[in-house]
Every structure is written in C-alpha cells, then in structure tokens.
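Presented below is the structure to which this report refers.
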Amino acid sequence: MSKIVFITGATSGFGKACAEKFAKEGYNVIINGRREDRLQSLKTALEKQYGVNVLTLAFDVRNRNDVFEKINAIDEPWKKINILINNAGLALGREHIDEGNIDEWDTMMDTNVKGLLYVSKAVIPFLIPTRGHIINLGSVAGKEVYDKGNVYCASKFAVDAISKGMRIDLLRHGIKVTSINPGAAETEFSLVRFNGDEEKAKSVYNGLQPLTGPDVADVIYYCTTLPAHVCINDLVLCPTQQADAIYFNRK
Ligand code: NDP
Ligand code: 8X3
C-alpha cells in the first residue's frame, strides 16, 4: 500500500514541486489549492507519468468551514495520511509598516497562520494512527525581520512558534514536525507579492542564483526518508549567495 502525502498550495512553486517529487517516489498525493484547473492538469500529468493516484481538493485554506468539510469528506482509504505539507502561503506588498495595506495584512495572517492551523487541526486526527509527519513551510523571514517585511515576517515567526508548539504537543503521538525555512526562491511568490509586476518580481533575484521549487522539494523529501527515530526539527536552506534574511552577495 503506497503512502499518502497531503500538500497545500500545490498549484505552483514548492507545493507543485513536492507533488512531483513525492509522486515520482511512488506516493499517492492529495493536492490542494484554489485554482482547480491547475489541480486537474497536475493530477492528469502525475497519474500518467508516475502511475500513482492523485486526489484534488480545491479549497481556500482561509475558509474554515470549507477546510473541515472538504477534508472530512475524503474517502476512508485516503485518510491514511502519512505526511502533511503545510505549504500554502504568500507575501503581499513590501512597505514601511506605517504605509502598509490592512487588507493585505489580513490576507497574509489569515492564509499563512490561521489557514495552516485550520488544515492542521483537520488533518492531525488522520496522522495519529499513522504516526505521521508534519512539514511546515516557514521562511528565513521567520528567523530574522528585514526592512519592510513586517507583517509577512510576523506571519512566518508565528509559523516558527506553531511548529515548536506542535512538536511539543504531538510528542505523545510520535508525530514528527519539521520546519523548513527557505531563503530566496524563484517561484510565483514575488509575482504574487508585487501584484503581477514582473519587473519588480525579477529584481528580487538580481545577481543571484535563487533556489528553485525542485531544490526545496528534494530537501523536504529527504527529511521524510530518515529512520523512524530520527527527525529534522528545523532546517534553513538558502542560495549559496544568501547568508540569512538580510545579507546577500549579489554579482
Ligand atoms: P507560489 O506563489 O509559487 O505558490 C503558493 C501556493 O500557495 C500556490 O499553490 C497557491 O495556490 C497557494 N495558496 C495561496 N493562498 C492560498 C489559499 N488561500 N488557499 C489555498 N492555497 C493557497 O509560492 P511558493 O511556492 O514560493 O511559496 C510556498 C510557501 O513557501 C509559502 O508559504 C511561502 O511563504 C513560503 N516561502 C517562499 C519562499 C520564496 O522565496 N519563494 C521562501 C520561503 C518561504 P492557489 O493560488 O491556486 O490557491
Ligand atoms: C520568502 C523569502 O526573504 O522574500 O519567505 O521573505 S523572503
């Protein structure tokens, strides 16, 4: 019986790369995101290429009722979840805090913090019998605050605290909790952050060889391959040209 991984935010970037990596390794995959067309084409591609089963679960992680209804309605065989990858998330804007947009703050906190909590609360009951593994996507932005990062950084500091809390509280169930904290990675992240402005998005990676989705997915997959008694609790991965959230060596 193949193992099952549940990935939020699988329509792009790290989530999509994780779906591809885990499917390639023989996992059956539950993929979530809001863009149903992308979920459907990813399902078709993965099933055809790797011969695994893929379940699409379109919902907005901010919608508390939808999260619980959709997850609880999954067919029983799909509930034997081994790994949850809490990846859905975003940054919006980059302004001084006194000039920030409150709607954008709400969206970041609702998605990155509350959405992650809703999905975790709904999925943890299925991870208890499998002694499963939770992977939370934090960020270097959750380790240091950078200028004009304010609320996005706060949301990722919250993810860091939630990962620590989960690790303590889920000890009694033998559930592993791994916090993955990437630095600059070129996905759709900056396009979303800068509201589709391609020039601004590109400039984030000026003079850098950034991480890619597959770089991050390979590291996540590695964390899930360790023996049952070994857990990577907290992992920071950056481009070699990036020391932390602030210092870069751009060429
Ligand atoms: P992308 O923008 O490429 O992908 C984000 C994914 O999140 C999409 O699949 C999107 O799907 C999904 N998503 C966003 N909002 C929601 C929502 N409300 N409900 C369900 N799904 C949602 O970005 P990345 O792959 O780069 O980012 C993935 C995670 O990694 C995020 O948590 C981000 O904060 C974090 N991160 C990113 C870094 C980077 O430099 N790229 C570095 C460190 C961390 P859809 O729009 O279809 O709903
Ligand atoms: C994404 C990385 O440095 O752009 O979390 O905030 S950063």
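If you're wondering about the labels, chains in the structure tokens are A, B, ... by order shown, residues count from 1 in each chain, ligands from 1 in order shown.
By only C-alpha atoms, and with residues fewer than 5 positions from A:Asn28 along its chain excluded, the set lying at most 10 Å from it is Met1, Ser2, Lys3, Ile4, Val5, Phe6, Ala19, Phe22, Ala23, Leu46, Glu47, Tyr50, Gly51, Val52, Asn53, Val54, Leu55, Trp78 and Ile81 of chain A.
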Nearby residues, ligand 1, 8 Å, only C-alpha atoms and all ligand atoms, as a PyMOL selection string: chain A and resi 8-16+32-36+38-39+58-63+86-91+107+110-112+115+137-141+156+181-192+211+213
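In terms of minimum interatomic distance to A:Asp37, A:Thr56 ranks closest within A:Thr56, A:Pro77, A:Ala201, A:Ala161, counting only C-alpha atoms.
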Residue set, stretch 105-170 of chain A restricted to strand (DSSP E), as a ChimeraX atom specification: /A:133-137
Output the selection as a PDB file, in the first residue's frame - N, CA, C and O atoms for each residue.
```
ATOM      1  N   HIS A 133       3.916  12.688   9.849  1.00  0.00           N
ATOM      2  CA  HIS A 133       4.957  13.720   9.798  1.00  0.00           C
ATOM      3  C   HIS A 133       4.322  15.003   9.270  1.00  0.00           C
ATOM      4  O   HIS A 133       3.670  14.988   8.220  1.00  0.00           O
ATOM      5  N   ILE A 134       4.519  16.109   9.982  1.00  0.00           N
ATOM      6  CA  ILE A 134       4.049  17.417   9.510  1.00  0.00           C
ATOM      7  C   ILE A 134       5.265  18.245   9.090  1.00  0.00           C
ATOM      8  O   ILE A 134       6.233  18.362   9.838  1.00  0.00           O
ATOM      9  N   ILE A 135       5.173  18.806   7.868  1.00  0.00           N
ATOM     10  CA  ILE A 135       6.216  19.710   7.382  1.00  0.00           C
ATOM     11  C   ILE A 135       5.579  21.090   7.267  1.00  0.00           C
ATOM     12  O   ILE A 135       4.605  21.252   6.501  1.00  0.00           O
ATOM     13  N   ASN A 136       6.076  22.059   7.993  1.00  0.00           N
ATOM     14  CA  ASN A 136       5.556  23.423   7.895  1.00  0.00           C
ATOM     15  C   ASN A 136       6.539  24.302   7.128  1.00  0.00           C
ATOM     16  O   ASN A 136       7.732  24.329   7.453  1.00  0.00           O
ATOM     17  N   LEU A 137       6.028  25.033   6.113  1.00  0.00           N
ATOM     18  CA  LEU A 137       6.874  25.974   5.380  1.00  0.00           C
ATOM     19  C   LEU A 137       6.930  27.285   6.133  1.00  0.00           C
ATOM     20  O   LEU A 137       5.968  28.056   6.142  1.00  0.00           O
TER      21      LEU A 137
END
```
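Of the listed residues A:Val151, A:Ala217, A:Leu57, A:Leu170, the one whose atoms come nearest to A:Met109 is A:Val151, with distances taken using only C-alpha atoms.
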DSSP alpha helix (DSSP H) residues within stretch 57-226 of chain A, listed as an MDAnalysis selection string: chainID A and resid 64:72 102:108 116:130 150:169 189:193 198:203 213:223
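Of the residues under consideration (A:Ile71, A:Val204, A:Leu42, A:Ile30), A:Val204 shows the shortest atom-to-atom contact distance to A:Arg94 when counting only C-alpha atoms.
Those residues that approach A:Lys251 to within 10 Å, counting only C-alpha atoms, are Asn206, Gly207, Leu208, Gln209 and Gln241 of chain A; same-chain residues fewer than 6 positions away are not listed.
If you measure from each of A:Lys164, A:Lys148, A:Arg64, A:Lys24 to ligand 2 using only C-alpha atoms and all ligand atoms, the closest one turns out to be A:Lys148.
Interatomic distance, atom CA of A:Val145 against atom CA of A:Lys121: 27.8 Å.
The space separating atom CA of A:Gly174 from atom 5 (O, counted along the ligand's line) of ligand 2 comes to 28.6 Å.
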